[in-house]
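Asker: Contents are PDB, C-alpha atoms; file name upload_30.pdb:
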MODEL        1
ATOM      1  CA  MET W   1     -28.458  -2.353  11.165  1.00  0.00           C
ATOM      2  CA  ALA W   2     -25.784  -3.847   8.875  1.00  0.00           C
ATOM      3  CA  GLN W   3     -22.990  -1.479   7.906  1.00  0.00           C
ATOM      4  CA  LEU W   4     -22.428  -0.619   4.253  1.00  0.00           C
ATOM      5  CA  THR W   5     -19.419  -2.094   2.511  1.00  0.00           C
ATOM      6  CA  PHE W   6     -17.902   0.707   0.451  1.00  0.00           C
ATOM      7  CA  GLU W   7     -16.149   0.188  -2.859  1.00  0.00           C
ATOM      8  CA  LEU W   8     -12.727   1.810  -2.606  1.00  0.00           C
ATOM      9  CA  THR W   9     -11.458   1.768  -6.185  1.00  0.00           C
ATOM     10  CA  GLY W  10     -10.602   5.454  -6.660  1.00  0.00           C
ATOM     11  CA  GLY W  11      -6.914   5.108  -5.915  1.00  0.00           C
ATOM     12  CA  ALA W  12      -6.923   8.152  -3.609  1.00  0.00           C
ATOM     13  CA  LEU W  13      -8.805   8.851  -0.401  1.00  0.00           C
ATOM     14  CA  CYS W  14     -10.441  12.042  -1.690  1.00  0.00           C
ATOM     15  CA  LEU W  15     -11.631  10.278  -4.854  1.00  0.00           C
ATOM     16  CA  ASP W  16     -13.066   7.410  -2.825  1.00  0.00           C
ATOM     17  CA  LEU W  17     -15.114   9.921  -0.847  1.00  0.00           C
ATOM     18  CA  THR W  18     -16.545  11.434  -4.052  1.00  0.00           C
ATOM     19  CA  ASN W  19     -17.529   7.895  -5.027  1.00  0.00           C
ATOM     20  CA  THR W  20     -19.916   7.562  -2.088  1.00  0.00           C
ATOM     21  CA  VAL W  21     -22.561   8.700  -4.580  1.00  0.00           C
ATOM     22  CA  GLY W  22     -23.720   6.156  -7.126  1.00  0.00           C
ATOM     23  CA  GLY W  23     -25.186   6.923 -10.542  1.00  0.00           C
ATOM     24  CA  THR W  24     -24.730  10.442 -11.881  1.00  0.00           C
ATOM     25  CA  ARG W  25     -24.880  13.777 -10.072  1.00  0.00           C
ATOM     26  CA  ALA W  26     -28.120  14.492 -11.992  1.00  0.00           C
ATOM     27  CA  ARG W  27     -29.608  11.226 -10.683  1.00  0.00           C
ATOM     28  CA  PRO W  28     -27.564  10.466  -7.564  1.00  0.00           C
ATOM     29  CA  ARG W  29     -27.755   7.455  -5.275  1.00  0.00           C
ATOM     30  CA  GLU W  30     -26.454   8.596  -1.900  1.00  0.00           C
ATOM     31  CA  ASP W  31     -24.522   6.207   0.345  1.00  0.00           C
ATOM     32  CA  LEU W  32     -23.867   8.599   3.253  1.00  0.00           C
ATOM     33  CA  HIS W  33     -27.251   8.765   4.942  1.00  0.00           C
ATOM     34  CA  SER W  34     -25.926   9.353   8.448  1.00  0.00           C
ATOM     35  CA  PHE W  35     -22.813  10.426  10.306  1.00  0.00           C
ATOM     36  CA  ASP W  36     -22.354   6.772  11.234  1.00  0.00           C
ATOM     37  CA  ASP W  37     -22.131   5.943   7.509  1.00  0.00           C
ATOM     38  CA  LEU W  38     -19.397   8.569   7.138  1.00  0.00           C
ATOM     39  CA  VAL W  39     -17.454   7.119  10.064  1.00  0.00           C
ATOM     40  CA  GLU W  40     -17.797   3.616   8.641  1.00  0.00           C
ATOM     41  CA  TRP W  41     -16.540   4.796   5.238  1.00  0.00           C
ATOM     42  CA  ALA W  42     -13.557   6.450   6.910  1.00  0.00           C
ATOM     43  CA  ARG W  43     -12.810   3.308   8.908  1.00  0.00           C
ATOM     44  CA  GLN W  44     -12.943   1.103   5.811  1.00  0.00           C
ATOM     45  CA  ALA W  45     -10.808   3.602   3.885  1.00  0.00           C
ATOM     46  CA  ARG W  46      -8.314   3.664   6.815  1.00  0.00           C
ATOM     47  CA  ALA W  47      -8.778   7.381   7.318  1.00  0.00           C
ATOM     48  CA  LEU W  48      -9.789   6.578  10.911  1.00  0.00           C
ATOM     49  CA  ASP W  49      -8.519   3.825  13.160  1.00  0.00           C
ATOM     50  CA  ALA W  50     -10.951   1.668  15.112  1.00  0.00           C
ATOM     51  CA  ALA W  51     -10.515   3.648  18.354  1.00  0.00           C
ATOM     52  CA  ALA W  52     -11.226   7.009  16.718  1.00  0.00           C
ATOM     53  CA  ALA W  53     -14.241   5.544  14.913  1.00  0.00           C
ATOM     54  CA  ARG W  54     -15.676   4.205  18.185  1.00  0.00           C
ATOM     55  CA  GLU W  55     -15.145   7.545  19.915  1.00  0.00           C
ATOM     56  CA  LEU W  56     -16.809   9.501  17.102  1.00  0.00           C
ATOM     57  CA  ARG W  57     -19.811   7.173  17.161  1.00  0.00           C
ATOM     58  CA  ARG W  58     -20.089   7.597  20.930  1.00  0.00           C
ATOM     59  CA  ARG W  59     -19.922  11.383  20.626  1.00  0.00           C
ATOM     60  CA  ALA W  60     -22.460  11.374  17.772  1.00  0.00           C
ATOM     61  CA  GLU W  61     -24.981   9.561  19.991  1.00  0.00           C
ATOM     62  CA  ALA W  62     -24.535  12.259  22.623  1.00  0.00           C
ATOM     63  CA  ALA W  63     -24.682  15.188  20.167  1.00  0.00           C
ATOM     64  CA  PRO W  64     -26.679  14.069  17.116  1.00  0.00           C
ATOM     65  CA  ALA W  65     -27.333  17.594  15.838  1.00  0.00           C
ATOM     66  CA  ASP W  66     -23.612  18.417  15.769  1.00  0.00           C
ATOM     67  CA  ALA W  67     -22.842  15.123  14.040  1.00  0.00           C
ATOM     68  CA  ALA W  68     -25.536  15.748  11.426  1.00  0.00           C
ATOM     69  CA  ARG W  69     -24.119  19.213  10.764  1.00  0.00           C
ATOM     70  CA  ALA W  70     -20.639  17.735  10.298  1.00  0.00           C
ATOM     71  CA  LEU W  71     -22.055  15.236   7.814  1.00  0.00           C
ATOM     72  CA  ARG W  72     -23.710  18.011   5.796  1.00  0.00           C
ATOM     73  CA  ARG W  73     -20.489  20.037   5.751  1.00  0.00           C
ATOM     74  CA  THR W  74     -18.461  16.984   4.689  1.00  0.00           C
ATOM     75  CA  VAL W  75     -20.920  16.197   1.892  1.00  0.00           C
ATOM     76  CA  SER W  76     -20.607  19.806   0.708  1.00  0.00           C
ATOM     77  CA  LEU W  77     -16.831  19.380   0.644  1.00  0.00           C
ATOM     78  CA  ARG W  78     -17.228  16.074  -1.188  1.00  0.00           C
ATOM     79  CA  GLU W  79     -19.243  17.728  -3.952  1.00  0.00           C
ATOM     80  CA  ALA W  80     -16.713  20.562  -4.315  1.00  0.00           C
ATOM     81  CA  ILE W  81     -13.899  18.017  -4.622  1.00  0.00           C
ATOM     82  CA  HIS W  82     -15.879  16.095  -7.222  1.00  0.00           C
ATOM     83  CA  ARG W  83     -16.546  19.200  -9.311  1.00  0.00           C
ATOM     84  CA  VAL W  84     -12.904  20.293  -9.194  1.00  0.00           C
ATOM     85  CA  PHE W  85     -11.545  16.921 -10.294  1.00  0.00           C
ATOM     86  CA  VAL W  86     -14.196  16.484 -12.999  1.00  0.00           C
ATOM     87  CA  ALA W  87     -13.272  19.928 -14.322  1.00  0.00           C
ATOM     88  CA  ARG W  88      -9.609  18.928 -14.363  1.00  0.00           C
ATOM     89  CA  ALA W  89     -10.357  15.599 -16.054  1.00  0.00           C
ATOM     90  CA  THR W  90     -12.442  17.272 -18.776  1.00  0.00           C
ATOM     91  CA  GLY W  91     -10.179  20.264 -19.335  1.00  0.00           C
ATOM     92  CA  GLU W  92     -12.583  22.813 -17.874  1.00  0.00           C
ATOM     93  CA  PRO W  93     -11.617  25.531 -15.360  1.00  0.00           C
ATOM     94  CA  PRO W  94     -12.722  24.683 -11.818  1.00  0.00           C
ATOM     95  CA  ALA W  95     -14.954  27.112  -9.952  1.00  0.00           C
ATOM     96  CA  ASP W  96     -13.087  29.500  -7.650  1.00  0.00           C
ATOM     97  CA  ALA W  97     -15.650  28.871  -4.912  1.00  0.00           C
ATOM     98  CA  ASP W  98     -14.909  25.132  -4.953  1.00  0.00           C
ATOM     99  CA  ILE W  99     -11.160  25.696  -4.797  1.00  0.00           C
ATOM    100  CA  GLU W 100     -11.624  28.117  -1.910  1.00  0.00           C
ATOM    101  CA  LEU W 101     -13.808  25.669   0.018  1.00  0.00           C
ATOM    102  CA  ILE W 102     -11.172  22.933  -0.283  1.00  0.00           C
ATOM    103  CA  ARG W 103      -8.440  25.402   0.710  1.00  0.00           C
ATOM    104  CA  ARG W 104     -10.319  26.470   3.841  1.00  0.00           C
ATOM    105  CA  TRP W 105     -10.782  22.878   4.940  1.00  0.00           C
ATOM    106  CA  ASP W 106      -7.092  22.177   4.327  1.00  0.00           C
ATOM    107  CA  VAL W 107      -6.122  25.187   6.442  1.00  0.00           C
ATOM    108  CA  GLU W 108      -8.292  23.824   9.259  1.00  0.00           C
ATOM    109  CA  ALA W 109      -6.606  20.438   8.853  1.00  0.00           C
ATOM    110  CA  LEU W 110      -3.162  21.964   9.246  1.00  0.00           C
ATOM    111  CA  GLU W 111      -4.286  23.932  12.302  1.00  0.00           C
ATOM    112  CA  HIS W 112      -5.473  20.765  14.047  1.00  0.00           C
ATOM    113  CA  SER W 113      -2.520  18.514  13.237  1.00  0.00           C
ATOM    114  CA  ARG W 114       1.167  18.370  13.972  1.00  0.00           C
ATOM    115  CA  LEU W 115       4.254  16.818  12.423  1.00  0.00           C
ATOM    116  CA  VAL W 116       5.910  14.176  14.602  1.00  0.00           C
ATOM    117  CA  ALA W 117       9.116  12.168  14.220  1.00  0.00           C
ATOM    118  CA  ARG W 118       9.351   8.548  15.318  1.00  0.00           C
ATOM    119  CA  GLY W 119      12.392   6.396  14.722  1.00  0.00           C
ATOM    120  CA  GLY W 120      13.681   8.538  11.891  1.00  0.00           C
ATOM    121  CA  GLU W 121      10.301   8.632  10.113  1.00  0.00           C
ATOM    122  CA  PHE W 122       7.801  11.469  10.028  1.00  0.00           C
ATOM    123  CA  ALA W 123       4.031  11.385  10.282  1.00  0.00           C
ATOM    124  CA  ARG W 124       1.066  13.734  10.664  1.00  0.00           C
ATOM    125  CA  GLU W 125      -0.756  13.364  13.962  1.00  0.00           C
ATOM    126  CA  TRP W 126      -4.075  14.870  15.029  1.00  0.00           C
ATOM    127  CA  ALA W 127      -3.751  17.208  17.971  1.00  0.00           C
ATOM    128  CA  GLU W 128      -7.400  17.452  19.026  1.00  0.00           C
ATOM    129  CA  THR W 129      -8.715  15.081  21.691  1.00  0.00           C
ATOM    130  CA  PRO W 130     -11.338  13.716  21.599  1.00  0.00           C
ATOM    131  CA  PRO W 131     -11.574  13.463  17.799  1.00  0.00           C
ATOM    132  CA  SER W 132     -13.577  16.271  16.208  1.00  0.00           C
ATOM    133  CA  PHE W 133     -16.653  15.619  14.111  1.00  0.00           C
ATOM    134  CA  GLU W 134     -14.752  17.426  11.340  1.00  0.00           C
ATOM    135  CA  ARG W 135     -11.732  15.127  11.397  1.00  0.00           C
ATOM    136  CA  VAL W 136     -12.788  13.107   8.330  1.00  0.00           C
ATOM    137  CA  ALA W 137     -13.319  16.291   6.309  1.00  0.00           C
ATOM    138  CA  TRP W 138      -9.904  17.597   7.367  1.00  0.00           C
ATOM    139  CA  ILE W 139      -8.188  14.384   6.296  1.00  0.00           C
ATOM    140  CA  VAL W 140      -9.977  14.277   2.944  1.00  0.00           C
ATOM    141  CA  ALA W 141      -9.401  17.966   2.178  1.00  0.00           C
ATOM    142  CA  HIS W 142      -5.682  17.612   2.859  1.00  0.00           C
ATOM    143  CA  ASP W 143      -5.560  14.527   0.630  1.00  0.00           C
ATOM    144  CA  ALA W 144      -7.352  16.455  -2.144  1.00  0.00           C
ATOM    145  CA  VAL W 145      -4.812  19.295  -1.960  1.00  0.00           C
ATOM    146  CA  GLU W 146      -1.963  16.778  -2.029  1.00  0.00           C
ATOM    147  CA  LEU W 147      -3.388  15.181  -5.194  1.00  0.00           C
ATOM    148  CA  LEU W 148      -4.214  18.502  -6.867  1.00  0.00           C
ATOM    149  CA  THR W 149      -0.624  19.653  -6.413  1.00  0.00           C
ATOM    150  CA  SER W 150       1.025  16.347  -7.338  1.00  0.00           C
ATOM    151  CA  GLN W 151       2.326  14.925 -10.596  1.00  0.00           C
ATOM    152  CA  GLU W 152      -0.451  12.338 -10.407  1.00  0.00           C
ATOM    153  CA  LEU W 153      -3.169  14.904 -11.187  1.00  0.00           C
ATOM    154  CA  PRO W 154      -3.211  14.225 -14.973  1.00  0.00           C
ATOM    155  CA  ARG W 155      -4.057  10.604 -14.171  1.00  0.00           C
ATOM    156  CA  VAL W 156      -7.429  11.472 -12.597  1.00  0.00           C
ATOM    157  CA  ARG W 157     -10.262  10.180 -14.776  1.00  0.00           C
ATOM    158  CA  GLU W 158     -14.051  10.128 -14.729  1.00  0.00           C
ATOM    159  CA  CYS W 159     -15.725   6.810 -15.479  1.00  0.00           C
ATOM    160  CA  ALA W 160     -16.665   6.548 -19.155  1.00  0.00           C
ATOM    161  CA  SER W 161     -20.066   5.061 -18.344  1.00  0.00           C
ATOM    162  CA  GLU W 162     -23.034   7.320 -19.079  1.00  0.00           C
ATOM    163  CA  THR W 163     -24.657   6.185 -15.839  1.00  0.00           C
ATOM    164  CA  CYS W 164     -21.656   6.648 -13.538  1.00  0.00           C
ATOM    165  CA  ALA W 165     -19.752   9.712 -12.335  1.00  0.00           C
ATOM    166  CA  TRP W 166     -17.113   7.948 -10.250  1.00  0.00           C
ATOM    167  CA  LEU W 167     -13.543   9.236 -10.290  1.00  0.00           C
ATOM    168  CA  PHE W 168     -10.361   7.193 -10.232  1.00  0.00           C
ATOM    169  CA  LEU W 169      -6.606   7.471 -10.529  1.00  0.00           C
ATOM    170  CA  ASP W 170      -5.503   5.776 -13.753  1.00  0.00           C
ATOM    171  CA  THR W 171      -2.400   3.823 -12.791  1.00  0.00           C
ATOM    172  CA  SER W 172      -2.358   1.687 -15.940  1.00  0.00           C
ATOM    173  CA  ARG W 173       0.948   1.671 -17.796  1.00  0.00           C
ATOM    174  CA  ASN W 174      -0.427   3.292 -20.967  1.00  0.00           C
ATOM    175  CA  ARG W 175      -3.049   5.410 -19.193  1.00  0.00           C
ATOM    176  CA  SER W 176      -5.882   3.638 -21.000  1.00  0.00           C
ATOM    177  CA  ARG W 177      -8.224   2.810 -18.114  1.00  0.00           C
ATOM    178  CA  ARG W 178     -11.757   4.004 -18.893  1.00  0.00           C
ATOM    179  CA  TRP W 179     -13.917   2.488 -16.178  1.00  0.00           C
ATOM    180  CA  CYS W 180     -14.103   3.004 -12.436  1.00  0.00           C
ATOM    181  CA  ASP W 181     -14.306  -0.780 -12.097  1.00  0.00           C
ATOM    182  CA  MET W 182     -14.126  -3.316 -14.911  1.00  0.00           C
ATOM    183  CA  LYS W 183     -16.299  -5.718 -12.903  1.00  0.00           C
ATOM    184  CA  SER W 184     -19.222  -3.275 -12.866  1.00  0.00           C
ATOM    185  CA  CYS W 185     -19.256  -0.421 -15.369  1.00  0.00           C
ATOM    186  CA  GLY W 186     -16.719  -2.068 -17.687  1.00  0.00           C
ATOM    187  CA  ASN W 187     -18.655  -5.311 -17.949  1.00  0.00           C
ATOM    188  CA  ARG W 188     -21.970  -3.504 -18.453  1.00  0.00           C
ATOM    189  CA  ALA W 189     -20.412  -1.552 -21.325  1.00  0.00           C
ATOM    190  CA  LYS W 190     -19.094  -4.781 -22.886  1.00  0.00           C
ATOM    191  CA  VAL W 191     -22.523  -6.400 -22.643  1.00  0.00           C
ATOM    192  CA  ARG W 192     -24.179  -3.328 -24.161  1.00  0.00           C
ATOM    193  CA  ARG W 193     -21.717  -3.220 -27.079  1.00  0.00           C
ATOM    194  CA  HIS W 194     -22.239  -6.938 -27.702  1.00  0.00           C
ATOM    195  CA  TYR W 195     -26.008  -6.478 -27.715  1.00  0.00           C
ATOM    196  CA  GLU W 196     -25.738  -3.556 -30.157  1.00  0.00           C
ATOM    197  CA  ARG W 197     -23.490  -5.561 -32.503  1.00  0.00           C
ATOM    198  CA  VAL W 198     -25.886  -8.506 -32.461  1.00  0.00           C
ATOM    199  CA  ARG W 199     -28.878  -6.248 -33.100  1.00  0.00           C
ATOM    200  CA  SER W 200     -27.042  -4.514 -35.952  1.00  0.00           C
ATOM    201  CA  VAL W 201     -26.278  -7.870 -37.636  1.00  0.00           C
ATOM    202  CA  ARG W 202     -29.892  -9.006 -37.278  1.00  0.00           C
ATOM    203  CA  GLU W 203     -31.192  -5.786 -38.758  1.00  0.00           C
TER     204      GLU W 203
ENDMDL
END
Could I get this file's structure written as structure tokens?

Answerer:
Amino acid sequence: MAQLTFELTGGALCLDLTNTVGGTRARPREDLHSFDDLVEWARQARALDAAAARELRRRAEAAPADAARALRRTVSLREAIHRVFVARATGEPPADADIELIRRWDVEALEHSRLVARGGEFAREWAETPPSFERVAWIVAHDAVELLTSQELPRVRECASETCAWLFLDTSRNRSRRWCDMKSCGNRAKVRRHYERVRSVRE
């Protein structure tokens, strides 16, 4: 089966994970149908290297029930992250339960990683071998906490399209970006506005 090619336009790893659902949350189009899909997303997003991705796929074949459970837990985390950032983008208070879920995952991430120094530079390294089914969730949760506590948080936006709930980091100079991707939602909005103008003139 051909692997999905994921669109990584969120500007942050945690936002790209929330964007593995197309459409709106009321009418979602799910992209993560299997643990293999999650691993492939993480590989494309560079959250996992090729060796870790291969090992997780091998382990998932040997323990499919555990892999499926990890997928469900990661999707639950994904939805909590989405709700928290949408609340922030719209000026609403996030739910305490969502914040707590992200915090718990971040605590797990810290427990299973270590800080290492190489050549004067520092990096976070995963201590568990072989890679855990939860590794992707740990990485994403830690990224979400980093973004939530950073100065970049006010730049998080929700796509202005009525048929899209994707999130993105607005890095435009004047903070005027409205669409998750100008090639998709932005162009559809332009076409719709043009059609409405033409219809208005005709009427």

Asker: When the PyMOL selection byres ((chain W and resi 130) around 10) is applied to the structure above, which residues does it catch, written out as a ChimeraX atom specification?

Answerer: /W:52,55-56,59,126-129,131-133

Asker: Give me the residues near W:Ala12 as a list in words, where near means some atom within 9 Å (using all atoms listed in the file) and where sequence neighbours in that chain fewer than 5 positions away do not count.

Answerer: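 Here the answer would be Leu17, Asp143, Ala144, Leu147, Phe168 and Leu169 of chain W.
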
Asker: Work out how far apart atom CA of W:Ala141 and atom CA of W:Glu108 are and give it in Å to one decimal.

Answerer: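 So the two atoms, atom CA of W:Ala141 and atom CA of W:Glu108, lie 9.3 Å apart.
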
Asker: Apply the PyMOL selection byres ((chain W and resi 170) around 10) to the displayed file and report the matching residues as a PyMOL selection string.

Answerer: chain W and resi 10-11+152-158+167-169+171-180

Asker: Export, as a CSV table (one decimal), keeping the file's coordinate frame, the selected residues with C-alpha atoms.

Answerer:
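Output saved as out-v4.csv:
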chain,number,residue,atom,x,y,z
W,10,GLY,CA,-10.6,5.5,-6.7
W,11,GLY,CA,-6.9,5.1,-5.9
W,152,GLU,CA,-0.5,12.3,-10.4
W,153,LEU,CA,-3.2,14.9,-11.2
W,154,PRO,CA,-3.2,14.2,-15.0
W,155,ARG,CA,-4.1,10.6,-14.2
W,156,VAL,CA,-7.4,11.5,-12.6
W,157,ARG,CA,-10.3,10.2,-14.8
W,158,GLU,CA,-14.1,10.1,-14.7
W,167,LEU,CA,-13.5,9.2,-10.3
W,168,PHE,CA,-10.4,7.2,-10.2
W,169,LEU,CA,-6.6,7.5,-10.5
W,171,THR,CA,-2.4,3.8,-12.8
W,172,SER,CA,-2.4,1.7,-15.9
W,173,ARG,CA,0.9,1.7,-17.8
W,174,ASN,CA,-0.4,3.3,-21.0
W,175,ARG,CA,-3.0,5.4,-19.2
W,176,SER,CA,-5.9,3.6,-21.0
W,177,ARG,CA,-8.2,2.8,-18.1
W,178,ARG,CA,-11.8,4.0,-18.9
W,179,TRP,CA,-13.9,2.5,-16.2
W,180,CYS,CA,-14.1,3.0,-12.4

Asker: Just so the selection is clear, what residues does the PyMOL selection byres ((chain W and resi 66) around 12) cover here, as a list in words?

Answerer: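 Residues picked by the PyMOL selection byres ((chain W and resi 66) around 12): Ser34, Phe35, Leu56, Arg57, Arg59, Ala60, Glu61, Ala62, Ala63, Pro64, Ala65, Ala67, Ala68, Arg69, Ala70, Leu71, Arg72, Arg73, Ser132, Phe133 and Glu134 of chain W.
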
Asker: I'd like the interatomic distance between atom CA of W:Pro93 and atom CA of W:Leu148, to a tenth of an Å.

Answerer: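 Atom CA of W:Leu148 lies 13.3 Å from atom CA of W:Pro93.
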
Asker: Which of these residues is nearest to W:Ala45, using only C-alpha atoms: W:Thr74, W:Glu100, W:Cys159, W:Leu13?

Answerer: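 Distance minimum relative to W:Ala45 lands on W:Leu13.
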
Asker: Can you measure atom CA of W:Thr20 to atom CA of W:Leu38 for me? One decimal in Å is fine.

Answerer: 9.3 Å

Asker: My list of candidates is W:Cys14, W:Ala160, W:Leu8, W:Val107. Which is closest to W:Glu79 when distances are computed with only C-alpha atoms?

Answerer: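 Going through W:Cys14, W:Ala160, W:Leu8, W:Val107 one by one, the smallest distance to W:Glu79 is for W:Cys14.
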
Asker: Closest to W:Thr163 among W:Ala47, W:Ala117, W:Leu15, W:Cys185, using only C-alpha atoms?

Answerer: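 Of W:Ala47, W:Ala117, W:Leu15, W:Cys185, the one nearest W:Thr163 is W:Cys185, counting only C-alpha atoms.
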
Asker: Which of these, W:Glu7, W:Asp181, W:Glu162, W:Glu121, has the shortest distance to W:Ala26 once you count all atoms listed in the file?

Answerer: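 So, comparing all the options, the nearest one is W:Glu162.
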
Asker: Stretch 103-105 of chain W: which residues within 8 Å, counting all atoms listed in the file, same-chain residues fewer than 6 positions away excluded, as a ChimeraX atom specification?

Answerer: /W:137-138,141-142,145

Asker: Which residue is closest to W:Val75? Choose from W:Arg46, W:Arg58, W:His33, W:Arg135 and count all atoms listed in the file.

Answerer: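 With all atoms listed in the file as the atom set, the closest residue is W:His33.
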